2 protein chains.
Amino acid sequence: MTQKQLCEIDLLTVVITLGPLAPHILTVNQGQELPSGPLTISHRSLQKGLHQWAERHTGCAIGHMEQLYTFTDHTQKASQRQLIRISYLALARVLDPALHDAHSLYDYFPWEDRRSSHNASLLERFRHEITLWARSNSERMGRVASAFGLHDLPWDDEKVLDRYELLWEAGLVSRASSDTVTATTLYDNRRILATALSRLRAKIRYTPIVFDLLPEAFTLLQLQQAMENLSGRPMHKPNFRRLVLHQNLVEETGARDATAPGRPAKLYRFRPSAATSCYLSGAMLPLS
Amino acid sequence: MTQKQLCEIDLLTVVITLGPLAPHILTVNQGQELPSGPLTISHRSLQKGLHQWAERHTGCAIGHMEQLYTFTDHTQKASQRQLIRISYLALARVLDPALHDAHSLYDYFPWEDRRSSHNASLLERFRHEITLWARSNSERMGRVASAFGLHDLPWDDEKVLDRYELLWEAGLVSRASSDTVTATTLYDNRRILATALSRLRAKIRYTPIVFDLLPEAFTLLQLQQAMENLSGRPMHKPNFRRLVLHQNLVEETGARDATAPGRPAKLYRFRPSAATSCYLSGAMLPLS
DNA sequence: TCTTTTATGCTCACTATGAGTATAAAAGAA
DNA sequence: TTCTTTTATACTCATAGTGAGCATAAAAGA
C-alpha cells in the first residue's frame with residue numbers, strides 16, 4: 001500500500017520459574033528489567049533464536065516458550081522511529097530461585113495471591129476503593145464488577161491484566177514515579193508481567209505445561225502446590241489427587257520422598273504419552 | 001544491548017463474518033489477499049488504528065478485535081531489511097457475504113468442516129496418508145495422533161494450525177506453485193487463517209463473541225448454526241437450547257421469526273449484563 | 001506407647017452432560 | 001375440512017464429574 005515506516009524491534013521474554021510459595025520471574029540487572037535483546041537473534045524463527053539467547057543469559061534450561069503480545073512503546077513520543085516490542089513467555093525448571101536474579105510475581109501483584117488473609121484484606125480495600133472510583137460511570141462499573149468478581153460474579157484467575165489496568169487507571173497502584181516516562185515504562189513492564197501470568201493461568205488448565213516447571217519426579221502435593229502457586233488459590237487435596245490420577249497424567253516412579261516429615265509420599269513422573277491434553281482445572285476450591 | 005536492526009512492519013487483519021453454511025473471511029483484490037496496511041495507522045494504539053482502517057476498507061462494521069500473532073516473513077531471504085507482520089483477528093456482523101469480497105474459510109480447510117460426509121471421507125484419506133508419512137518417525141507420529149485424534153484421542157476443534165502445518169509438511173495440501181516464494185507466501189497466509197480459526201474456536205467456548213457475528217435479534221437455531229459453522233461440527237439441538245437458556249445469556253425480544261417454514265421461532269437478543277463470562281462449550285455432540 | 005504429621009482412600013449429594021423421545025404450532029396439500 | 005410436513009419447544013433418564021467432608025494408613029519423634 002503506502003510507504004512503510006521503519007521500526008526498531010525489541011524482543012523480550014518473561015522467564016517464569018517456580019519458588020516454594022509463588023511463581024518467580026528471572027530478571028537481569030538486579031530486577032526491574034526483563035531479559036531482552038535485539039532482533040538480530042534471527043534463527044530463521046524469532047522464537048528459536050530468543051530461546052537460545054535467553055538460556056545463555058539466565059543460565060536456566062528453558063522448556064516451553066510461546067509468543068505473548070506485540071505492542072508499541074508509547075514512552076518515546078517525539079522520536080520518529082517507533083519501537084515495537086515482541087514479548088514471549090518462557091518456562092524454566094529451576095532448583096532454587098534464590099540462586100538467581102529472581103523475583104516473586106506476587107511482589108508485583110499481591111492481590112493476585114488469594115491465599116493469605118493479609119492479601120485478602122488488601123483486596124477488600126481495593127474492591128471498596130475501586131468501586132468508589134467507578135461508581136458514577138456504568139461502563140467502568142461493568143468492567144470493575146467483571147474483573148473483581150463483585151456482585152454474584154465469580155472471581156476469574158485469568159483476568160490479571162484487566163485488574164491491573166483498572167487499578168492503574170484508578171490510581172490505586174503506584175504511579176509513584178514523578179517522571180512520566182519512568183512511570184509509563186513501569187506500567188508497560190507490569191502489563192507484560194500481567195499478560196504473562198494471565199496466559200500462564202489459562203494454559204495450566206488445559207495443557208500439561210506445569211510439568212515444565214516441576215522436577216522430573218515430584219509428589220502429588222508438590223504438583224498441587226505448583227498449581228496453587230500459579231493460580232493463587234488453595235485447592236482441595238483429595239479432589240485434586242482424584243482429578244490428576246483419574247486422567248492418567250502421571251505414573252509412579254516407585255520411589256518415595258523421604259525428605260518431608262510425616263508419611264513419605266510416592267514420587268510420580270509425568271506421562272508424556274498423555275501429553276496431548278489434560279485438564280487440571282476444576283478442582284479450584286477455596287479452603288473452607 | 002547491541003545495535004538494533006531496522007524492520008518494516010506490516011499490519012494485517014483477518015476479518016471474519018458469518019455465511020449461512022460457514023464462516024467467511026473478507027478479502028481485498030478478489031481473494032487471496034488479506035486487508036493489510038502499513039504501520040502508519042498509528043492511533044497511539046496499533047489496534048484502534050487498524051480497527052478504523054479495516055472498517056473503511058471492507059465497508060463492514062467491525063465489533064470485536066484482538067491481536068493474533070506476530071511473525072517474520074521468511075520469503076525475502078537476501079533482503080537485509082526484515083519484514084515483521086503483526087496480524088489481528090476481527091469480527092464483522094454482515095448481512096450477506098455474497099455482497100462482499102468474501103470467501104468461505106472451509107474452502108481453504110475443507111477437512112475442518114466435519115459436517116458433510118464428503119469431507120469426512122476426505123479426512124479419512126488424509127488420516128490414512130499422513131499416518132503413512134509419519135510412520136517411521138515417532139515424534140511425528142505423536143503430533144499426528146494428537147492433531148487428528150487418531151487412536152482413542154479426541155478430535156480437538158482448536159488444533160486447526162497443527163493440522164494444517166502437518167498436512168503441509170507431508171505435502172498433502174497444495175504446494176502446487178512451482179515458485180518457492182509464491183508457495184511460501186501462500187503457506188504463510190493460510191497459517192494466519194488457521195491461527196485465526198483456531199483462536200476463534202477457542203474463544204467462542206468461554207466468551208460471548210459469537211454475538212458479535214449475529215444480528216441483533218436471532219432465533220436459537222440461528223445461534224446454534226452459528227456455533228456449528230464456527231466449530232465445524234453438528235450439535236444436539238435440545239441440549240444446546242438447554243445450555244444457552246440455563247445460562248441466562250439471552251432474553252426474548254417478544255417477536256417471532258416468520259420467515260422460515262414450520263412453527264415460527266421466538267427471537268432472542270443477547271443480554272450484555274451476562275457478558276462477563278459464558279460457556280457455550282459442552283454441547284458439542286456429533287449427530288448420531 | 002502416644003502424639004504429630006502427612007499421605008491416601010472413601011462416601012455422598014448434586015449438577016452437568018450426552019442422548020433420546022414427545023408434544024406444540026404453524027403452513028400447505030389432498 | 002383433515003392430513004402431512006416442518007420446525008419449535010419440552011421433558012425424561014442414565015451417567016460422569018464436581019464440591020465437600022470424613023476416615024484410615026504410614027512414618028517420625030516424644
# chains A, B, ... in the order shown; residues from 1 in each chain; ligands from 1
call {"tool": "closest_atom_pairs", "arguments": {"of": "chain A", "to": "chain C", "cutoff": "7 Å", "atoms": "only C-alpha atoms (C1' of nucleotides)", "output": "Markdown table"}}
result
| residue | atom | partner | partner_atom | distance |
| --- | --- | --- | --- | --- |
| A:Pro261 | CA | C:DT5 | C1' | 6.5 |
| A:Gly262 | CA | C:DT6 | C1' | 4.4 |
| A:Arg263 | CA | C:DT6 | C1' | 5.2 |
| A:Ala265 | CA | C:DA7 | C1' | 5.9 |
call {"tool": "write_last_selection", "arguments": {"atoms": "C-alpha atoms", "output": "PDB file, in the first residue's frame"}}
result
ATOM      1  CA  PRO A 261       8.066 -35.056  57.784  1.00  0.00           C
ATOM      2  CA  GLY A 262       5.130 -37.404  58.118  1.00  0.00           C
ATOM      3  CA  ARG A 263       4.359 -40.350  55.936  1.00  0.00           C
ATOM      4  CA  ALA A 265       4.755 -39.543  49.652  1.00  0.00           C
TER       5      ALA A 265
END
call {"tool": "select_by_dssp", "arguments": {"residues": "stretch 227-283 of chain A", "states": "alpha helix (DSSP H)", "output": "ChimeraX atom specification"}}
result
/A:227-231,237-246
call {"tool": "write_last_selection", "arguments": {"atoms": "N, CA, C and O atoms", "output": "PDB file, in the first residue's frame"}}
result
ATOM      1  N   MET A 227       0.319 -25.832  41.250  1.00  0.00           N
ATOM      2  CA  MET A 227      -0.916 -25.276  40.724  1.00  0.00           C
ATOM      3  C   MET A 227      -1.440 -24.148  41.605  1.00  0.00           C
ATOM      4  O   MET A 227      -1.933 -23.136  41.124  1.00  0.00           O
ATOM      5  N   GLU A 228      -1.303 -24.327  42.905  1.00  0.00           N
ATOM      6  CA  GLU A 228      -1.767 -23.291  43.831  1.00  0.00           C
ATOM      7  C   GLU A 228      -0.939 -22.026  43.704  1.00  0.00           C
ATOM      8  O   GLU A 228      -1.474 -20.918  43.713  1.00  0.00           O
ATOM      9  N   ASN A 229       0.368 -22.189  43.569  1.00  0.00           N
ATOM     10  CA  ASN A 229       1.222 -21.023  43.399  1.00  0.00           C
ATOM     11  C   ASN A 229       0.860 -20.258  42.136  1.00  0.00           C
ATOM     12  O   ASN A 229       0.823 -19.036  42.117  1.00  0.00           O
ATOM     13  N   LEU A 230       0.601 -20.987  41.083  1.00  0.00           N
ATOM     14  CA  LEU A 230       0.311 -20.322  39.817  1.00  0.00           C
ATOM     15  C   LEU A 230      -1.067 -19.675  39.832  1.00  0.00           C
ATOM     16  O   LEU A 230      -1.240 -18.549  39.375  1.00  0.00           O
ATOM     17  N   SER A 231      -2.040 -20.390  40.376  1.00  0.00           N
ATOM     18  CA  SER A 231      -3.398 -19.847  40.323  1.00  0.00           C
ATOM     19  C   SER A 231      -3.677 -18.892  41.479  1.00  0.00           C
ATOM     20  O   SER A 231      -4.629 -18.130  41.428  1.00  0.00           O
ATOM     21  N   LYS A 237      -7.363 -30.984  48.591  1.00  0.00           N
ATOM     22  CA  LYS A 237      -6.379 -32.022  48.332  1.00  0.00           C
ATOM     23  C   LYS A 237      -6.950 -33.325  47.778  1.00  0.00           C
ATOM     24  O   LYS A 237      -6.520 -33.790  46.721  1.00  0.00           O
ATOM     25  N   PRO A 238      -7.904 -33.944  48.447  1.00  0.00           N
ATOM     26  CA  PRO A 238      -8.412 -35.223  47.922  1.00  0.00           C
ATOM     27  C   PRO A 238      -8.943 -35.088  46.497  1.00  0.00           C
ATOM     28  O   PRO A 238      -8.694 -35.963  45.659  1.00  0.00           O
ATOM     29  N   ASN A 239      -9.658 -34.017  46.226  1.00  0.00           N
ATOM     30  CA  ASN A 239     -10.211 -33.850  44.890  1.00  0.00           C
ATOM     31  C   ASN A 239      -9.130 -33.636  43.839  1.00  0.00           C
ATOM     32  O   ASN A 239      -9.238 -34.116  42.711  1.00  0.00           O
ATOM     33  N   PHE A 240      -8.095 -32.904  44.239  1.00  0.00           N
ATOM     34  CA  PHE A 240      -7.015 -32.679  43.285  1.00  0.00           C
ATOM     35  C   PHE A 240      -6.345 -33.992  42.906  1.00  0.00           C
ATOM     36  O   PHE A 240      -6.085 -34.265  41.732  1.00  0.00           O
ATOM     37  N   ARG A 241      -6.078 -34.831  43.901  1.00  0.00           N
ATOM     38  CA  ARG A 241      -5.494 -36.146  43.621  1.00  0.00           C
ATOM     39  C   ARG A 241      -6.390 -36.942  42.676  1.00  0.00           C
ATOM     40  O   ARG A 241      -5.951 -37.501  41.686  1.00  0.00           O
ATOM     41  N   ARG A 242      -7.648 -36.975  43.030  1.00  0.00           N
ATOM     42  CA  ARG A 242      -8.593 -37.725  42.203  1.00  0.00           C
ATOM     43  C   ARG A 242      -8.514 -37.267  40.752  1.00  0.00           C
ATOM     44  O   ARG A 242      -8.397 -38.076  39.830  1.00  0.00           O
ATOM     45  N   LEU A 243      -8.542 -35.951  40.561  1.00  0.00           N
ATOM     46  CA  LEU A 243      -8.506 -35.391  39.218  1.00  0.00           C
ATOM     47  C   LEU A 243      -7.263 -35.840  38.462  1.00  0.00           C
ATOM     48  O   LEU A 243      -7.334 -36.332  37.338  1.00  0.00           O
ATOM     49  N   VAL A 244      -6.111 -35.672  39.106  1.00  0.00           N
ATOM     50  CA  VAL A 244      -4.851 -35.990  38.436  1.00  0.00           C
ATOM     51  C   VAL A 244      -4.759 -37.485  38.115  1.00  0.00           C
ATOM     52  O   VAL A 244      -4.429 -37.874  37.001  1.00  0.00           O
ATOM     53  N   LEU A 245      -5.072 -38.298  39.101  1.00  0.00           N
ATOM     54  CA  LEU A 245      -4.924 -39.746  38.903  1.00  0.00           C
ATOM     55  C   LEU A 245      -5.940 -40.282  37.893  1.00  0.00           C
ATOM     56  O   LEU A 245      -5.622 -41.161  37.097  1.00  0.00           O
ATOM     57  N   HIS A 246      -7.128 -39.729  37.939  1.00  0.00           N
ATOM     58  CA  HIS A 246      -8.167 -40.180  37.005  1.00  0.00           C
ATOM     59  C   HIS A 246      -7.781 -39.969  35.553  1.00  0.00           C
ATOM     60  O   HIS A 246      -8.299 -40.622  34.663  1.00  0.00           O
TER      61      HIS A 246
END
call {"tool": "closest_residue", "arguments": {"among": "D:DG17, D:DA10, D:DT1, D:DA28", "to": "chain B", "atoms": "only C-alpha atoms (C1' of nucleotides)"}}
result
D:DA10
call {"tool": "select_by_dssp", "arguments": {"residues": "stretch 61-156 of chain A", "states": "strand (DSSP E or B)", "output": "NGL selection string"}}
result
:A and (62-72 or 82-92 or 102-104)
call {"tool": "interface_residues", "arguments": {"of": "chain D", "to": "chain A", "cutoff": "10 Å", "atoms": "only C-alpha atoms (C1' of nucleotides)", "output": "list in words"}}
result
DG17, DT18, DG19, DA20, DA25, DA26, DA27 and DA28 of chain D
call {"tool": "write_last_selection", "arguments": {"atoms": "C-alpha atoms (C1' of nucleotides)", "output": "tab-separated table (two decimals), in the first residue's frame"}}
result
chain	number	residue	atom	x	y	z
D	17	DG	C1'	-17.79	-35.15	37.04
D	18	DT	C1'	-17.65	-31.85	40.87
D	19	DG	C1'	-17.55	-29.77	45.59
D	20	DA	C1'	-17.17	-31.08	50.21
D	25	DA	C1'	-2.51	-45.62	56.83
D	26	DA	C1'	2.30	-44.91	57.45
D	27	DA	C1'	6.04	-42.77	59.03
D	28	DA	C1'	8.90	-39.93	62.93
call {"tool": "closest_residue", "arguments": {"among": "B:Arg127, B:Arg271, B:Arg81, B:Arg163", "to": "chain A", "atoms": "only C-alpha atoms"}}
result
B:Arg81
call {"tool": "closest_residue", "arguments": {"among": "B:Val173, B:Leu150, B:Val250, B:Leu221", "to": "chain A", "atoms": "only C-alpha atoms"}}
result
B:Leu150
call {"tool": "atom_distance", "arguments": {"atom1": "atom CA of A:Asp113", "atom2": "atom CA of A:Leu197"}}
result
11.6 Å
call {"tool": "atom_distance", "arguments": {"atom1": "atom CA of B:Leu89", "atom2": "atom CA of A:Tyr187"}}
result
25.5 Å
call {"tool": "atom_distance", "arguments": {"atom1": "atom CA of B:Lys48", "atom2": "atom CA of A:Ile192"}}
result
19.2 Å
call {"tool": "residues_around", "arguments": {"residues": "stretch 164-169 of chain B", "least_positions_apart": "6", "cutoff": "8 Å", "atoms": "only C-alpha atoms (C1' of nucleotides)", "output": "list in words"}}
result
Phe109, Ile130, Val144, Arg175, Arg191 and Ala194 of chain B
call {"tool": "residues_around", "arguments": {"residues": "B:Leu21", "least_positions_apart": "4", "cutoff": "12 Å", "atoms": "only C-alpha atoms (C1' of nucleotides)", "output": "PyMOL selection string"}}
result
chain B and resi 17+96-97+103-107+113+115-116+222+224-234
call {"tool": "closest_atom_pairs", "arguments": {"of": "stretch 197-259 of chain A", "to": "stretch 54-71 of chain A", "cutoff": "8 Å", "atoms": "only C-alpha atoms", "output": "CSV"}}
result
residue,atom,partner,partner_atom,distance
A:Arg199,CA,A:Leu68,CA,7.9
A:Ile209,CA,A:His64,CA,7.2
A:Asp212,CA,A:Gly63,CA,5.9
call {"tool": "write_last_selection", "arguments": {"atoms": "N, CA, C and O atoms", "output": "short mmCIF file (atom, residue, chain, number, x, y, z; two decimals), in the first residue's frame"}}
result
data_model
loop_
_atom_site.label_atom_id
_atom_site.label_comp_id
_atom_site.auth_asym_id
_atom_site.auth_seq_id
_atom_site.Cartn_x
_atom_site.Cartn_y
_atom_site.Cartn_z
N ARG A 199 -1.82 -15.55 30.86
CA ARG A 199 -1.65 -16.61 29.89
C ARG A 199 -1.29 -17.91 30.57
O ARG A 199 -1.83 -18.96 30.24
N ILE A 209 1.59 -27.89 30.82
CA ILE A 209 2.84 -27.14 30.96
C ILE A 209 3.34 -27.02 32.39
O ILE A 209 4.49 -26.68 32.60
N ASP A 212 6.61 -28.53 33.01
CA ASP A 212 7.84 -27.87 32.59
C ASP A 212 8.46 -27.08 33.72
O ASP A 212 9.59 -26.62 33.61
#
call {"tool": "decode", "arguments": {"residues": "chain D", "atoms": "N, CA and C atoms (P, O5', C5', C4', C3', O3' and C1' of nucleotides)", "output": "compact mmCIF listing (two decimals), in the first residue's frame"}}
result
# COMPACT_ATOMS: atom_id res chain seq x y z
P DT D 1 -62.36 -26.21 9.86
O5' DT D 1 -63.33 -27.46 9.62
C5' DT D 1 -63.93 -27.68 8.34
C4' DT D 1 -63.58 -29.04 7.78
C3' DT D 1 -62.49 -29.82 8.51
O3' DT D 1 -63.11 -30.83 9.34
C1' DT D 1 -62.04 -29.73 6.16
P DT D 2 -62.25 -31.66 10.44
O5' DT D 2 -61.18 -32.51 9.65
C5' DT D 2 -61.58 -33.58 8.79
C4' DT D 2 -60.36 -34.14 8.08
C3' DT D 2 -59.27 -34.68 9.01
O3' DT D 2 -58.79 -35.92 8.49
C1' DT D 2 -58.35 -33.09 7.51
P DC D 3 -57.79 -36.82 9.35
O5' DC D 3 -56.45 -36.73 8.50
C5' DC D 3 -56.50 -36.96 7.09
C4' DC D 3 -55.16 -36.58 6.48
C3' DC D 3 -53.95 -37.09 7.27
O3' DC D 3 -53.02 -37.66 6.37
C1' DC D 3 -53.79 -34.75 6.93
P DT D 4 -51.74 -38.44 6.92
O5' DT D 4 -50.57 -37.50 6.41
C5' DT D 4 -50.65 -36.93 5.09
C4' DT D 4 -49.56 -35.89 4.93
C3' DT D 4 -48.24 -36.24 5.61
O3' DT D 4 -47.18 -36.01 4.70
C1' DT D 4 -48.94 -34.09 6.30
P DT D 5 -45.70 -36.54 5.02
O5' DT D 5 -44.91 -35.16 5.09
C5' DT D 5 -45.21 -34.12 4.15
C4' DT D 5 -44.68 -32.79 4.67
C3' DT D 5 -43.31 -32.87 5.34
O3' DT D 5 -42.45 -31.96 4.69
C1' DT D 5 -44.82 -31.63 6.67
P DT D 6 -40.86 -31.98 5.02
O5' DT D 6 -40.72 -30.79 6.07
C5' DT D 6 -41.19 -29.49 5.73
C4' DT D 6 -41.10 -28.60 6.95
C3' DT D 6 -39.84 -28.83 7.79
O3' DT D 6 -39.11 -27.62 7.89
C1' DT D 6 -41.77 -28.75 9.15
P DT D 7 -37.52 -27.73 8.27
O5' DT D 7 -37.49 -27.02 9.70
C5' DT D 7 -37.99 -25.69 9.80
C4' DT D 7 -38.64 -25.50 11.14
C3' DT D 7 -37.70 -25.61 12.35
O3' DT D 7 -37.47 -24.32 12.89
C1' DT D 7 -39.82 -26.61 12.73
P DA D 8 -36.63 -24.18 14.25
O5' DA D 8 -37.78 -24.16 15.34
C5' DA D 8 -38.81 -23.19 15.25
C4' DA D 8 -39.68 -23.22 16.49
C3' DA D 8 -38.92 -23.05 17.80
O3' DA D 8 -39.68 -22.18 18.63
C1' DA D 8 -40.05 -25.15 17.81
P DT D 9 -39.02 -21.68 19.98
O5' DT D 9 -39.40 -22.84 21.00
C5' DT D 9 -40.78 -23.06 21.28
C4' DT D 9 -40.93 -24.27 22.16
C3' DT D 9 -40.06 -24.28 23.42
O3' DT D 9 -40.92 -24.23 24.55
C1' DT D 9 -40.17 -26.41 22.37
P DA D 10 -40.32 -24.27 26.03
O5' DA D 10 -40.64 -25.78 26.46
C5' DA D 10 -41.92 -26.33 26.17
C4' DA D 10 -41.95 -27.78 26.62
C3' DA D 10 -41.27 -28.01 27.98
O3' DA D 10 -42.17 -28.69 28.83
C1' DA D 10 -40.47 -29.55 26.35
P DC D 11 -41.82 -28.91 30.38
O5' DC D 11 -41.41 -30.45 30.50
C5' DC D 11 -42.24 -31.45 29.90
C4' DC D 11 -41.45 -32.74 29.77
C3' DC D 11 -40.68 -33.15 31.03
O3' DC D 11 -41.30 -34.30 31.57
C1' DC D 11 -39.40 -33.49 29.03
P DT D 12 -40.81 -34.94 32.97
O5' DT D 12 -39.93 -36.18 32.51
C5' DT D 12 -40.35 -37.00 31.42
C4' DT D 12 -39.31 -38.06 31.13
C3' DT D 12 -38.58 -38.62 32.34
O3' DT D 12 -38.58 -40.04 32.26
C1' DT D 12 -37.01 -37.92 30.72
P DC D 13 -38.29 -40.94 33.55
O5' DC D 13 -36.83 -41.52 33.26
C5' DC D 13 -36.46 -41.88 31.93
C4' DC D 13 -34.98 -42.16 31.88
C3' DC D 13 -34.34 -42.40 33.26
O3' DC D 13 -33.44 -43.47 33.18
C1' DC D 13 -33.19 -40.71 32.13
P DA D 14 -33.02 -44.31 34.46
O5' DA D 14 -31.56 -44.81 34.05
C5' DA D 14 -31.29 -45.11 32.68
C4' DA D 14 -29.88 -44.66 32.35
C3' DA D 14 -28.84 -45.00 33.43
O3' DA D 14 -27.69 -45.54 32.80
C1' DA D 14 -28.77 -42.69 32.97
P DT D 15 -26.50 -46.16 33.69
O5' DT D 15 -25.38 -45.04 33.58
C5' DT D 15 -25.10 -44.46 32.30
C4' DT D 15 -24.16 -43.30 32.49
C3' DT D 15 -23.07 -43.53 33.54
O3' DT D 15 -21.83 -43.28 32.92
C1' DT D 15 -24.11 -41.43 33.86
P DA D 16 -20.47 -43.67 33.64
O5' DA D 16 -19.72 -42.26 33.63
C5' DA D 16 -19.83 -41.42 32.47
C4' DA D 16 -19.39 -40.01 32.84
C3' DA D 16 -18.16 -39.96 33.73
O3' DA D 16 -17.36 -38.87 33.32
C1' DA D 16 -19.97 -38.91 34.85
P DG D 17 -15.92 -38.63 33.90
O5' DG D 17 -16.06 -37.24 34.64
C5' DG D 17 -16.57 -36.13 33.90
C4' DG D 17 -16.93 -35.05 34.87
C3' DG D 17 -15.79 -34.68 35.83
O3' DG D 17 -15.66 -33.26 35.79
C1' DG D 17 -17.79 -35.15 37.04
P DT D 18 -14.51 -32.55 36.66
O5' DT D 18 -15.33 -31.93 37.87
C5' DT D 18 -16.55 -31.27 37.58
C4' DT D 18 -17.19 -30.78 38.85
C3' DT D 18 -16.19 -30.26 39.89
O3' DT D 18 -16.62 -29.00 40.33
C1' DT D 18 -17.65 -31.85 40.87
P DG D 19 -15.62 -28.10 41.20
O5' DG D 19 -16.27 -28.19 42.65
C5' DG D 19 -17.53 -27.58 42.88
C4' DG D 19 -17.97 -27.86 44.30
C3' DG D 19 -16.95 -27.49 45.37
O3' DG D 19 -17.63 -26.84 46.44
C1' DG D 19 -17.55 -29.77 45.59
P DA D 20 -16.80 -26.28 47.68
O5' DA D 20 -16.93 -27.44 48.74
C5' DA D 20 -18.21 -27.78 49.26
C4' DA D 20 -18.10 -29.00 50.14
C3' DA D 20 -16.99 -28.92 51.21
O3' DA D 20 -17.57 -28.78 52.49
C1' DA D 20 -17.17 -31.08 50.21
P DG D 21 -16.65 -28.54 53.76
O5' DG D 21 -16.73 -29.93 54.54
C5' DG D 21 -17.97 -30.59 54.73
C4' DG D 21 -17.72 -32.07 54.93
C3' DG D 21 -16.73 -32.38 56.05
O3' DG D 21 -17.43 -32.86 57.20
C1' DG D 21 -16.40 -33.76 54.11
P DC D 22 -16.57 -33.24 58.54
O5' DC D 22 -16.22 -34.78 58.34
C5' DC D 22 -17.23 -35.69 57.93
C4' DC D 22 -16.61 -37.06 57.73
C3' DC D 22 -15.71 -37.50 58.89
O3' DC D 22 -16.03 -38.83 59.23
C1' DC D 22 -14.55 -37.69 56.85
P DA D 23 -15.35 -39.54 60.51
O5' DA D 23 -14.43 -40.63 59.80
C5' DA D 23 -14.97 -41.46 58.78
C4' DA D 23 -13.90 -42.41 58.29
C3' DA D 23 -13.01 -42.96 59.40
O3' DA D 23 -12.76 -44.33 59.17
C1' DA D 23 -11.68 -41.88 57.77
P DT D 24 -12.10 -45.24 60.33
O5' DT D 24 -10.73 -45.68 59.65
C5' DT D 24 -10.76 -46.29 58.36
C4' DT D 24 -9.41 -46.15 57.71
C3' DT D 24 -8.24 -46.77 58.49
O3' DT D 24 -7.63 -47.75 57.67
C1' DT D 24 -7.68 -44.63 57.66
P DA D 25 -6.39 -48.53 58.25
O5' DA D 25 -5.20 -47.74 57.57
C5' DA D 25 -5.14 -47.70 56.14
C4' DA D 25 -3.75 -47.28 55.71
C3' DA D 25 -2.62 -47.96 56.46
O3' DA D 25 -1.56 -48.16 55.53
C1' DA D 25 -2.51 -45.62 56.83
P DA D 26 -0.36 -49.08 55.89
O5' DA D 26 0.85 -48.07 56.09
C5' DA D 26 1.19 -47.20 55.01
C4' DA D 26 2.16 -46.17 55.50
C3' DA D 26 3.33 -46.71 56.34
O3' DA D 26 4.53 -46.20 55.79
C1' DA D 26 2.30 -44.91 57.45
P DA D 27 5.89 -46.97 55.99
O5' DA D 27 6.62 -46.12 57.14
C5' DA D 27 7.55 -45.19 56.77
C4' DA D 27 7.34 -43.89 57.53
C3' DA D 27 8.24 -43.69 58.76
O3' DA D 27 9.47 -43.13 58.34
C1' DA D 27 6.04 -42.77 59.03
P DA D 28 10.67 -43.08 59.37
O5' DA D 28 10.28 -41.87 60.33
C5' DA D 28 10.21 -40.54 59.78
C4' DA D 28 10.06 -39.56 60.91
C3' DA D 28 11.10 -39.77 62.02
O3' DA D 28 11.66 -38.53 62.40
C1' DA D 28 8.90 -39.93 62.93
P DG D 29 12.92 -38.55 63.44
O5' DG D 29 12.26 -38.06 64.79
C5' DG D 29 11.55 -36.83 64.80
C4' DG D 29 10.70 -36.75 66.05
C3' DG D 29 11.48 -36.87 67.36
O3' DG D 29 11.04 -35.85 68.23
C1' DG D 29 9.69 -38.37 67.36
P DA D 30 11.83 -35.54 69.60
O5' DA D 30 10.70 -35.67 70.71
C5' DA D 30 9.48 -34.92 70.55
C4' DA D 30 8.52 -35.30 71.65
C3' DA D 30 9.12 -35.33 73.05
O3' DA D 30 8.16 -34.85 73.99
C1' DA D 30 8.33 -37.50 72.47
